[in-house]
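Next comes upload_14.cif, a file with mmCIF, C-alpha atoms.
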data_upload
#
loop_
_atom_site.label_atom_id
_atom_site.label_comp_id
_atom_site.auth_asym_id
_atom_site.auth_seq_id
_atom_site.Cartn_x
_atom_site.Cartn_y
_atom_site.Cartn_z
CA MET A 144 -193.26 -112.51 40.62
CA THR A 145 -189.49 -112.37 40.51
CA ALA A 146 -187.10 -112.29 37.60
CA SER A 147 -183.82 -114.06 37.22
CA SER A 148 -180.92 -111.66 37.53
CA LYS A 149 -178.57 -113.76 35.41
CA ARG A 150 -178.49 -112.73 31.75
CA ILE A 151 -179.84 -115.30 29.32
CA GLU A 152 -177.48 -115.47 26.38
CA ALA A 153 -179.97 -117.43 24.28
CA VAL A 154 -182.35 -114.45 24.21
CA ASP A 155 -179.66 -112.20 22.70
CA VAL A 156 -178.68 -114.88 20.17
CA LEU A 157 -182.22 -115.62 19.00
CA ARG A 158 -183.04 -111.90 18.89
CA GLY A 159 -179.89 -111.36 16.81
CA ILE A 160 -180.77 -114.13 14.35
CA THR A 161 -184.28 -112.72 14.07
CA MET A 162 -183.02 -109.19 13.40
CA ALA A 163 -180.40 -110.32 10.88
CA PHE A 164 -183.03 -112.25 8.92
CA MET A 165 -185.49 -109.36 9.20
CA ILE A 166 -182.95 -107.12 7.48
CA LEU A 167 -182.21 -109.84 4.92
CA VAL A 168 -185.82 -110.40 3.82
CA ASN A 169 -186.56 -106.65 3.74
CA ASN A 170 -183.66 -105.80 1.40
CA PRO A 171 -183.21 -108.16 -1.56
CA GLY A 172 -181.16 -106.88 -4.45
CA ASP A 173 -184.00 -107.56 -6.87
CA TRP A 174 -187.61 -107.99 -5.68
CA SER A 175 -188.44 -109.98 -8.80
CA HIS A 176 -185.89 -112.63 -7.80
CA VAL A 177 -186.52 -113.81 -4.24
CA TYR A 178 -186.47 -117.37 -2.94
CA ALA A 179 -189.92 -118.56 -1.84
CA PRO A 180 -189.00 -119.05 1.85
CA LEU A 181 -187.82 -115.41 1.94
CA GLN A 182 -191.24 -114.11 0.88
CA HIS A 183 -194.37 -113.57 2.94
CA ALA A 184 -197.42 -115.71 2.28
CA SER A 185 -199.64 -113.90 -0.21
CA TRP A 186 -202.61 -114.22 2.18
CA ASN A 187 -203.41 -117.28 4.33
CA GLY A 188 -200.50 -119.54 5.22
CA LEU A 189 -197.14 -119.39 6.93
CA THR A 190 -193.63 -119.08 5.52
CA PRO A 191 -190.32 -118.81 7.40
CA THR A 192 -190.34 -115.07 6.66
CA ASP A 193 -193.76 -114.72 8.29
CA CYS A 194 -192.25 -116.00 11.55
CA ILE A 195 -189.53 -113.36 11.87
CA PHE A 196 -191.44 -110.36 13.22
CA PRO A 197 -193.72 -112.37 15.55
CA VAL A 198 -190.73 -114.17 17.09
CA PHE A 199 -189.18 -110.75 17.70
CA LEU A 200 -192.39 -109.60 19.42
CA PHE A 201 -192.44 -112.79 21.50
CA LEU A 202 -188.85 -112.10 22.59
CA MET A 203 -189.80 -108.53 23.50
CA GLY A 204 -192.47 -109.91 25.82
CA PHE A 205 -189.89 -112.27 27.29
CA SER A 206 -187.47 -109.36 27.79
CA ILE A 207 -190.17 -107.22 29.45
CA TYR A 208 -190.27 -109.83 32.21
CA LEU A 209 -186.49 -109.60 32.61
CA SER A 210 -186.34 -105.79 32.62
CA LEU A 211 -189.42 -104.94 34.70
CA GLY A 212 -188.73 -107.78 37.12
CA LYS A 213 -185.90 -105.68 38.49
CA SER A 214 -188.52 -103.28 39.85
CA GLN A 215 -190.76 -106.15 41.05
CA PHE A 216 -193.37 -105.07 38.46
CA LYS A 217 -194.29 -102.06 40.59
CA LEU A 218 -194.79 -98.72 38.93
CA SER A 219 -192.89 -95.70 40.15
CA GLY A 220 -192.60 -92.23 38.71
CA SER A 221 -189.23 -93.01 37.14
CA LEU A 222 -190.47 -96.32 35.68
CA VAL A 223 -193.54 -94.68 34.13
CA LYS A 224 -191.28 -92.07 32.53
CA ARG A 225 -188.97 -94.78 31.21
CA ILE A 226 -191.83 -96.78 29.71
CA LEU A 227 -193.41 -93.73 28.08
CA LYS A 228 -190.06 -92.45 26.82
CA ARG A 229 -189.31 -95.78 25.14
CA PHE A 230 -192.80 -95.90 23.64
CA ILE A 231 -192.54 -92.39 22.19
CA LEU A 232 -189.02 -92.88 20.83
CA LEU A 233 -189.86 -96.20 19.18
CA PHE A 234 -193.02 -94.79 17.60
CA VAL A 235 -191.40 -91.57 16.37
CA ILE A 236 -188.28 -93.31 15.04
CA GLY A 237 -190.45 -95.88 13.27
CA PHE A 238 -192.46 -93.12 11.62
CA LEU A 239 -189.35 -91.19 10.58
CA LEU A 240 -187.74 -94.30 9.09
CA ILE A 241 -190.61 -94.90 6.67
CA LEU A 242 -191.31 -91.21 6.04
CA PRO A 243 -188.88 -90.78 3.08
CA SER A 244 -190.28 -93.77 1.16
CA GLY A 245 -193.79 -92.50 1.88
CA ILE A 246 -192.97 -89.05 0.53
CA MET A 247 -191.40 -90.59 -2.59
CA GLY A 248 -194.37 -92.93 -3.02
CA GLY A 249 -196.98 -90.21 -2.54
CA SER A 250 -198.56 -91.54 0.66
CA VAL A 251 -196.96 -91.34 4.10
CA ARG A 252 -197.66 -94.42 6.20
CA ILE A 253 -198.47 -93.80 9.88
CA LEU A 254 -198.07 -97.27 11.35
CA GLY A 255 -195.24 -99.74 10.80
CA VAL A 256 -193.00 -102.33 12.44
CA LEU A 257 -191.41 -100.11 15.12
CA GLN A 258 -194.76 -98.44 15.79
CA ARG A 259 -196.34 -101.85 16.46
CA ILE A 260 -193.41 -102.74 18.73
CA ALA A 261 -193.96 -99.45 20.58
CA LEU A 262 -197.71 -100.01 21.03
CA CYS A 263 -197.27 -103.61 22.22
CA TYR A 264 -194.46 -102.61 24.56
CA VAL A 265 -196.36 -99.82 26.31
CA ALA A 266 -199.55 -101.87 26.60
CA VAL A 267 -197.86 -104.96 28.05
CA ALA A 268 -195.49 -102.98 30.29
CA PHE A 269 -198.40 -101.22 31.99
CA LEU A 270 -200.56 -104.35 32.07
CA VAL A 271 -198.01 -106.46 33.93
CA CYS A 272 -197.41 -103.68 36.45
CA LEU A 273 -201.04 -102.77 37.08
CA VAL A 274 -202.84 -106.14 36.90
CA ASP A 275 -202.50 -109.05 39.30
CA GLY A 276 -200.29 -111.64 37.64
CA ARG A 277 -202.93 -114.34 38.04
CA TRP A 278 -205.17 -112.49 35.57
CA LEU A 279 -202.61 -112.04 32.81
CA PRO A 280 -203.18 -115.41 31.06
CA TRP A 281 -206.93 -114.70 31.06
CA ILE A 282 -206.33 -111.25 29.57
CA ALA A 283 -204.22 -112.74 26.76
CA ALA A 284 -206.92 -115.33 26.08
CA ALA A 285 -209.66 -112.68 26.18
CA LEU A 286 -207.84 -110.44 23.71
CA LEU A 287 -207.50 -113.33 21.25
CA ALA A 288 -211.12 -114.39 21.79
CA VAL A 289 -212.48 -110.88 21.26
CA TYR A 290 -210.38 -110.47 18.13
CA THR A 291 -211.65 -113.81 16.81
CA ILE A 292 -215.22 -112.56 17.21
CA ILE A 293 -214.30 -109.31 15.43
CA LEU A 294 -212.80 -111.26 12.52
CA PHE A 295 -215.76 -113.55 12.01
CA ALA A 296 -218.42 -110.92 12.64
CA GLY A 297 -216.70 -108.42 10.37
CA ASN A 298 -215.67 -110.66 7.46
CA GLY A 299 -212.09 -110.20 8.60
CA PHE A 300 -210.48 -112.51 6.03
CA ALA A 301 -211.97 -110.78 2.98
CA THR A 302 -209.38 -109.80 0.37
CA ASP A 303 -211.36 -107.10 -1.42
CA GLY A 304 -210.99 -104.30 1.12
CA THR A 305 -214.43 -104.86 2.65
CA SER A 306 -213.30 -106.52 5.88
CA ILE A 307 -213.78 -104.75 9.20
CA LEU A 308 -209.99 -104.47 9.52
CA ALA A 309 -209.72 -102.65 6.21
CA LYS A 310 -212.69 -100.39 6.99
CA VAL A 311 -211.26 -99.38 10.38
CA ASP A 312 -207.80 -98.75 8.90
CA GLN A 313 -209.29 -96.66 6.11
CA ALA A 314 -211.55 -94.75 8.52
CA ILE A 315 -208.76 -93.93 11.00
CA LEU A 316 -205.65 -93.85 8.80
CA GLY A 317 -207.15 -92.94 5.44
CA SER A 318 -204.68 -93.51 2.64
CA HIS A 319 -201.75 -93.50 5.06
CA ILE A 320 -201.39 -97.27 5.09
CA TYR A 321 -199.25 -99.96 3.56
CA ASN A 322 -202.07 -101.39 1.45
CA ALA A 323 -202.42 -105.17 1.62
CA ASN A 324 -205.90 -105.99 0.30
CA GLY A 325 -207.17 -102.68 1.66
CA LEU A 326 -205.68 -103.02 5.14
CA ASP A 327 -202.37 -102.25 6.81
CA PRO A 328 -200.52 -105.39 8.05
CA GLU A 329 -199.58 -103.36 11.14
CA GLY A 330 -203.02 -101.79 11.30
CA VAL A 331 -205.34 -100.65 14.06
CA LEU A 332 -207.44 -103.69 14.99
CA SER A 333 -204.66 -106.23 14.39
CA THR A 334 -202.74 -104.51 17.19
CA ILE A 335 -205.13 -106.29 19.61
CA PRO A 336 -203.77 -109.82 18.99
CA SER A 337 -200.24 -108.40 18.76
CA ILE A 338 -200.57 -107.19 22.35
CA ALA A 339 -201.78 -110.67 23.36
CA HIS A 340 -198.84 -112.10 21.42
CA THR A 341 -196.35 -109.99 23.39
CA LEU A 342 -198.11 -110.86 26.64
CA ILE A 343 -197.69 -114.57 25.82
CA GLY A 344 -193.95 -113.90 25.56
CA PHE A 345 -194.05 -112.35 29.01
CA LEU A 346 -195.98 -115.30 30.45
CA ALA A 347 -193.56 -117.75 28.84
CA ALA A 348 -190.69 -115.95 30.55
CA ARG A 349 -192.48 -116.07 33.90
CA TRP A 350 -193.18 -119.80 33.63
CA CYS A 351 -189.66 -120.53 32.40
CA LEU A 352 -187.64 -118.39 34.78
CA GLU A 353 -189.59 -119.31 37.90
CA ALA A 354 -188.72 -122.96 37.29
CA PRO A 355 -186.24 -124.64 39.68
CA GLY A 356 -183.24 -124.50 37.35
CA ARG A 357 -182.47 -123.56 33.75
CA GLU A 358 -182.89 -127.10 32.43
CA GLU A 359 -186.43 -127.28 33.82
CA GLY A 360 -187.04 -123.79 32.39
CA SER A 361 -185.98 -124.97 28.92
CA ARG A 362 -188.22 -128.01 29.25
CA ARG A 363 -191.18 -125.81 30.18
CA LEU A 364 -190.60 -123.64 27.11
CA LEU A 365 -190.54 -126.69 24.87
CA ILE A 366 -193.78 -128.01 26.35
CA LEU A 367 -195.52 -124.64 26.06
CA GLY A 368 -194.17 -124.18 22.54
CA ALA A 369 -195.51 -127.54 21.41
CA ILE A 370 -198.94 -126.80 22.89
CA LEU A 371 -199.16 -123.36 21.26
CA LEU A 372 -197.91 -124.52 17.87
CA ILE A 373 -200.15 -127.58 17.71
CA GLY A 374 -203.10 -125.52 18.94
CA GLY A 375 -202.51 -122.87 16.27
CA LEU A 376 -202.17 -125.48 13.51
CA LEU A 377 -205.31 -127.36 14.56
CA LEU A 378 -207.43 -124.22 14.91
CA ASN A 379 -206.17 -123.10 11.51
CA TYR A 380 -208.90 -125.22 9.92
CA GLY A 381 -211.52 -122.88 11.36
CA CYS A 382 -209.52 -119.66 11.69
CA PRO A 383 -206.79 -119.43 9.02
CA ILE A 384 -203.21 -118.59 9.94
CA ASN A 385 -202.71 -115.16 8.39
CA LYS A 386 -199.97 -112.66 9.15
CA LYS A 387 -201.58 -109.67 7.47
CA VAL A 388 -204.60 -109.82 9.78
CA TRP A 389 -202.47 -111.26 12.63
CA SER A 390 -205.08 -113.96 13.19
CA PRO A 391 -205.24 -115.60 16.64
CA THR A 392 -204.00 -118.85 15.11
CA PHE A 393 -201.04 -116.94 13.65
CA ALA A 394 -200.26 -115.58 17.11
CA LEU A 395 -200.51 -119.04 18.71
CA ALA A 396 -198.44 -120.81 16.06
CA THR A 397 -195.65 -118.24 15.93
CA CYS A 398 -195.50 -117.89 19.72
CA GLY A 399 -195.15 -121.66 19.75
CA ILE A 400 -192.27 -121.45 17.30
CA GLY A 401 -190.66 -118.73 19.43
CA CYS A 402 -191.01 -120.90 22.56
CA LEU A 403 -189.53 -123.94 20.85
CA LEU A 404 -186.58 -122.04 19.40
CA LEU A 405 -185.81 -120.27 22.65
CA GLY A 406 -186.13 -123.51 24.62
CA VAL A 407 -183.65 -125.27 22.34
CA PHE A 408 -181.29 -122.28 22.41
CA MET A 409 -181.40 -122.02 26.21
CA TRP A 410 -180.63 -125.72 26.48
CA ALA A 411 -177.78 -125.60 23.93
CA ILE A 412 -176.25 -122.25 24.96
CA ASP A 413 -177.02 -121.47 28.60
CA GLU A 414 -177.45 -124.96 30.02
CA LYS A 415 -175.19 -127.38 28.13
CA HIS A 416 -172.83 -124.82 26.52
CA TYR A 417 -172.78 -126.81 23.28
CA TRP A 418 -172.94 -123.63 21.22
CA ARG A 419 -170.16 -121.38 22.45
CA HIS A 420 -169.31 -119.12 19.50
CA THR A 421 -172.39 -116.90 19.43
CA GLY A 422 -170.71 -113.50 19.17
CA PHE A 423 -171.68 -112.88 15.55
CA TRP A 424 -175.40 -113.08 16.35
CA LYS A 425 -175.11 -111.21 19.64
CA VAL A 426 -173.85 -108.17 17.73
CA PHE A 427 -177.32 -108.00 16.15
CA GLY A 428 -179.12 -109.14 19.29
CA THR A 429 -177.69 -106.70 21.82
CA ASN A 430 -178.22 -103.69 19.54
CA SER A 431 -181.20 -104.92 17.53
CA ILE A 432 -183.06 -101.61 17.24
CA LEU A 433 -179.87 -99.83 16.16
CA CYS A 434 -179.31 -102.49 13.48
CA TYR A 435 -182.87 -102.04 12.26
CA ILE A 436 -182.45 -98.26 12.09
CA LEU A 437 -179.15 -98.65 10.22
CA SER A 438 -180.81 -100.91 7.64
CA PHE A 439 -183.08 -98.01 6.65
CA VAL A 440 -180.41 -95.32 6.86
CA LEU A 441 -177.96 -97.27 4.72
CA VAL A 442 -180.59 -98.11 2.10
CA TYR A 443 -181.49 -94.42 1.77
CA LEU A 444 -177.82 -93.42 1.59
CA PHE A 445 -177.09 -96.14 -0.97
CA MET A 446 -179.87 -94.77 -3.17
CA PHE A 447 -178.50 -91.22 -3.29
CA ILE A 448 -174.70 -91.47 -3.08
CA PRO A 449 -173.21 -91.79 -6.60
CA VAL A 450 -170.40 -94.19 -7.46
CA GLY A 451 -169.07 -94.41 -11.02
CA GLY A 452 -172.26 -93.25 -12.71
CA LYS A 453 -174.47 -95.39 -10.44
CA ASN A 454 -175.64 -95.12 -6.87
CA ILE A 455 -174.07 -97.34 -4.21
CA SER A 456 -177.02 -99.72 -4.26
CA GLU A 457 -176.75 -100.32 -7.99
CA TRP A 458 -172.96 -100.62 -7.78
CA LEU A 459 -173.14 -103.14 -4.93
CA PHE A 460 -175.79 -105.23 -6.68
CA THR A 461 -173.73 -105.23 -9.89
CA PHE A 462 -170.65 -106.33 -7.93
CA VAL A 463 -172.53 -109.09 -6.08
CA SER A 464 -174.31 -110.24 -9.24
CA ALA A 465 -171.00 -110.58 -11.07
CA ILE A 466 -170.03 -113.21 -8.49
CA PHE A 467 -173.34 -114.95 -7.74
CA GLY A 468 -175.42 -114.20 -10.83
CA GLN A 469 -178.48 -112.01 -11.27
CA GLY A 470 -181.04 -114.56 -10.11
CA CYS A 471 -182.32 -115.35 -6.62
CA LEU A 472 -178.86 -116.15 -5.25
CA GLY A 473 -177.39 -112.82 -6.30
CA SER A 474 -180.45 -110.99 -4.97
CA MET A 475 -180.12 -112.73 -1.60
CA MET A 476 -176.37 -112.15 -1.38
CA TYR A 477 -176.95 -108.43 -1.85
CA ALA A 478 -179.06 -108.53 1.33
CA VAL A 479 -176.37 -110.63 3.05
CA ALA A 480 -173.82 -107.97 2.11
CA LEU A 481 -176.02 -105.31 3.74
CA ASP A 482 -176.24 -107.45 6.89
CA LEU A 483 -172.44 -107.76 6.98
CA ILE A 484 -171.98 -104.00 6.53
CA ILE A 485 -174.35 -103.34 9.45
CA TRP A 486 -172.54 -105.97 11.53
CA ALA A 487 -169.19 -104.27 10.82
CA ILE A 488 -170.59 -100.90 11.93
CA VAL A 489 -172.13 -102.22 15.16
CA TYR A 490 -169.38 -104.67 16.12
CA PRO A 491 -167.07 -102.01 17.70
CA LEU A 492 -169.98 -100.94 19.92
CA TYR A 493 -170.57 -104.56 20.93
CA LYS A 494 -166.91 -104.98 21.84
CA ARG A 495 -167.09 -101.89 24.05
CA LYS A 496 -170.41 -103.04 25.57
CA ILE A 497 -172.15 -99.94 24.21
CA TYR A 498 -175.85 -100.62 23.65
CA LEU A 499 -178.55 -98.31 22.30
CA LYS A 500 -181.17 -98.10 25.03
CA LEU A 501 -184.27 -96.13 24.16
#
Can I see the file as structure tokens?
Amino acid sequence: MTASSKRIEAVDVLRGITMAFMILVNNPGDWSHVYAPLQHASWNGLTPTDCIFPVFLFLMGFSIYLSLGKSQFKLSGSLVKRILKRFILLFVIGFLLILPSGIMGGSVRILGVLQRIALCYVAVAFLVCLVDGRWLPWIAAALLAVYTIILFAGNGFATDGTSILAKVDQAILGSHIYNANGLDPEGVLSTIPSIAHTLIGFLAARWCLEAPGREEGSRRLLILGAILLIGGLLLNYGCPINKKVWSPTFALATCGIGCLLLGVFMWAIDEKHYWRHTGFWKVFGTNSILCYILSFVLVYLFMFIPVGGKNISEWLFTFVSAIFGQGCLGSMMYAVALDLIIWAIVYPLYKRKIYLKL
């Protein structure tokens, strides 16, 4: 296996859009006023918001191919240290970011978004370096198949906290979970399909970038994306699409969406150059983890720094609401304002080509 040495701008752009929208949906000005597409499905189903994190994981798998391809997917002492260092930093930072809200809420959560990214990264990074590439598609399929069996044998879609996912989370993590029907949406067993999900991103990159030319690579992504999305939607009738349990159909459908988006972006940006002004999104895409960290840091600061008898968060929401109203639009524009503040902080780093590399 070999990786293309030329940077793919579309990956940075799509990652940036994903991160900007992740920050937006996580930080409305008023949780009681949120547009429906900016909310997660209550249980089974798929909304645009449900696609954000899985597309990011898919892109991480794609990027693993680009980064580890430079070492020909062969482990060395320095590469092992780099993989483990990134895993530890991502996991620890993720835990520290949610620690203050856990302390204030009375229960410290152990797992979370960055922790899931860390676990999927370390698992896939070692898999692609230690296992013959011919076996990787079968491993991804096996992980999804085994998880499907776990779900159906263990009443995995139950909403009363009696599912095997909830029982394992409660047994291992205790009360240290983000409780969604008794289970953590980034919980223990649902990490299995998430690893398969990331591995699909890696395999998509391999199939795309080993094509004879970028246009053929984009076409391959579109074909694969259509197959995965249609497969996930069809199988949904037997195995519901569900983000909170990260069902295999959810993994297939959202990987399909990731493939389709990236295929279109590669065609429009890297191949045809129809979309030239992508700098705004690349600010988020080239420093995505830093932007995510800043979204937490700023929210905490906004809660505790006083301004005119209010904290910054209240003052900013009052200011935005005076312009856009106190309904869903004002709530969304508060989150847009936070995105723009983060962009303004990170933009000077982007201009100087300074990127946070864990």
task = Run the PyMOL selection byres ((chain A and resi 330) around 12) against the file shown and list the residues it catches, as a ChimeraX atom specification.
result = /A:252-256,258-259,262,307-317,319-323,325-329,331-337,386-389
Determine, using all atoms listed in the file, which residues of region 158-265 of chain A have any atom at most 8 Å from an atom of region 477-480 of chain A, and tabulate each with its shortest atom pair and distance in Å to one decimal place, rows ordered by chain and then rising number, as JSON lines.
{"residue": "A:Ile166", "atom": "CA", "partner": "A:Ala478", "partner_atom": "CA", "distance": 7.4}
{"residue": "A:Leu167", "atom": "CA", "partner": "A:Ala478", "partner_atom": "CA", "distance": 5.0}
{"residue": "A:Val168", "atom": "CA", "partner": "A:Ala478", "partner_atom": "CA", "distance": 7.4}
{"residue": "A:Asn170", "atom": "CA", "partner": "A:Ala478", "partner_atom": "CA", "distance": 5.3}
{"residue": "A:Pro171", "atom": "CA", "partner": "A:Ala478", "partner_atom": "CA", "distance": 5.1}
{"residue": "A:Gly172", "atom": "CA", "partner": "A:Tyr477", "partner_atom": "CA", "distance": 5.2}
Residue contacts of Ile226 (chain A) (10 Å, all atoms listed in the file) excluding same-chain residues fewer than 5 positions away, as an mmCIF file with C-alpha atoms, in the coordinates of the input:
data_model
loop_
_atom_site.group_PDB
_atom_site.id
_atom_site.type_symbol
_atom_site.label_atom_id
_atom_site.label_comp_id
_atom_site.auth_asym_id
_atom_site.auth_seq_id
_atom_site.Cartn_x
_atom_site.Cartn_y
_atom_site.Cartn_z
ATOM 1 C CA LEU A 211 -189.420 -104.940 34.700
ATOM 2 C CA LEU A 218 -194.790 -98.720 38.930
ATOM 3 C CA SER A 221 -189.230 -93.010 37.140
ATOM 4 C CA ILE A 231 -192.540 -92.390 22.190
ATOM 5 C CA ALA A 261 -193.960 -99.450 20.580
ATOM 6 C CA TYR A 264 -194.460 -102.610 24.560
ATOM 7 C CA VAL A 265 -196.360 -99.820 26.310
ATOM 8 C CA ALA A 266 -199.550 -101.870 26.600
ATOM 9 C CA ALA A 268 -195.490 -102.980 30.290
ATOM 10 C CA PHE A 269 -198.400 -101.220 31.990
ATOM 11 C CA LEU A 501 -184.270 -96.130 24.160
#
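Proximity of A:Pro355, A:Gly368, A:Gly473, A:Pro491 to Val407 (chain A), computed with all atoms listed in the file, is greatest for A:Gly368.
Note that the spacing between CA of Tyr493 (chain A) and CA of Phe164 (chain A) amounts to 18.9 Å.
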query = Which neighbours of Leu441 (chain A) fall inside 10 Å, counting only C-alpha atoms, when residues of the same chain fewer than 3 positions from it are skipped, and could you give them as JSON, numbers by chain?
reply = {"A": [436, 437, 438, 444, 445, 446, 455, 456, 481, 484, 485]}
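Among the candidate residues A:Leu395, A:Ala163, A:Leu202, A:Ile370, the one lying nearest to Val426 (chain A) is A:Ala163, with distances computed using only C-alpha atoms.
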Picked residues, the PyMOL selection byres ((chain A and resi 499) around 9), expected as number ranges by chain = A: 429-433, 497-498, 500-501
Just C-alpha atoms for this one: save the residues we selected as an mmCIF file, in the frame of the given file.
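The resulting selection.cif:
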data_model
loop_
_atom_site.group_PDB
_atom_site.id
_atom_site.type_symbol
_atom_site.label_atom_id
_atom_site.label_comp_id
_atom_site.auth_asym_id
_atom_site.auth_seq_id
_atom_site.Cartn_x
_atom_site.Cartn_y
_atom_site.Cartn_z
ATOM 1 C CA THR A 429 -177.690 -106.700 21.820
ATOM 2 C CA ASN A 430 -178.220 -103.690 19.540
ATOM 3 C CA SER A 431 -181.200 -104.920 17.530
ATOM 4 C CA ILE A 432 -183.060 -101.610 17.240
ATOM 5 C CA LEU A 433 -179.870 -99.830 16.160
ATOM 6 C CA ILE A 497 -172.150 -99.940 24.210
ATOM 7 C CA TYR A 498 -175.850 -100.620 23.650
ATOM 8 C CA LYS A 500 -181.170 -98.100 25.030
ATOM 9 C CA LEU A 501 -184.270 -96.130 24.160
#
ask   = Hey, what comes out of the PyMOL selection byres ((chain A and resi 340) around 9) on this file? Could you write it as an MDAnalysis selection string?
value = chainID A and resid 197 200:201 204 263 283 287 335:339 341:345 391 394:395 397:398
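Restricting the calculation to only C-alpha atoms, the smallest distance between Leu367 (chain A) and any of A:Pro383, A:Gly188, A:Gly401, A:Gly470 is found for A:Gly401.
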inquiry  = I want to know what sits within 9 Å of Met409 (chain A), based on only C-alpha atoms, with residues of the same chain fewer than 6 positions away left out; could you give that as a list in words?
reply    = Ile151, Glu152, Ala153, Val154, Arg357, Glu358, Gly360, Ser361 and Lys415 of chain A
Can you give me N, CA and C atoms for region 427-438 of chain A, written as a compact mmCIF listing (two decimals), in the frame of the given file?
# COMPACT_ATOMS: atom_id res chain seq x y z
N PHE A 427 -175.98 -108.41 16.57
CA PHE A 427 -177.32 -108.00 16.15
C PHE A 427 -178.30 -108.01 17.32
N GLY A 428 -178.14 -108.97 18.23
CA GLY A 428 -179.12 -109.14 19.29
C GLY A 428 -179.04 -108.13 20.41
N THR A 429 -177.85 -107.66 20.72
CA THR A 429 -177.69 -106.70 21.82
C THR A 429 -177.94 -105.27 21.37
N ASN A 430 -177.93 -105.02 20.08
CA ASN A 430 -178.22 -103.69 19.54
C ASN A 430 -179.21 -103.81 18.39
N SER A 431 -180.29 -104.58 18.62
CA SER A 431 -181.20 -104.92 17.53
C SER A 431 -181.90 -103.70 16.93
N ILE A 432 -182.36 -102.79 17.77
CA ILE A 432 -183.06 -101.61 17.24
C ILE A 432 -182.11 -100.73 16.43
N LEU A 433 -180.87 -100.60 16.91
CA LEU A 433 -179.87 -99.83 16.16
C LEU A 433 -179.62 -100.47 14.79
N CYS A 434 -179.51 -101.80 14.75
CA CYS A 434 -179.31 -102.49 13.48
C CYS A 434 -180.48 -102.25 12.53
N TYR A 435 -181.69 -102.28 13.08
CA TYR A 435 -182.87 -102.04 12.26
C TYR A 435 -182.87 -100.62 11.70
N ILE A 436 -182.53 -99.65 12.54
CA ILE A 436 -182.45 -98.26 12.09
C ILE A 436 -181.40 -98.12 10.99
N LEU A 437 -180.23 -98.73 11.20
CA LEU A 437 -179.15 -98.65 10.22
C LEU A 437 -179.57 -99.24 8.88
N SER A 438 -180.39 -100.30 8.90
CA SER A 438 -180.81 -100.91 7.64
C SER A 438 -181.57 -99.91 6.78
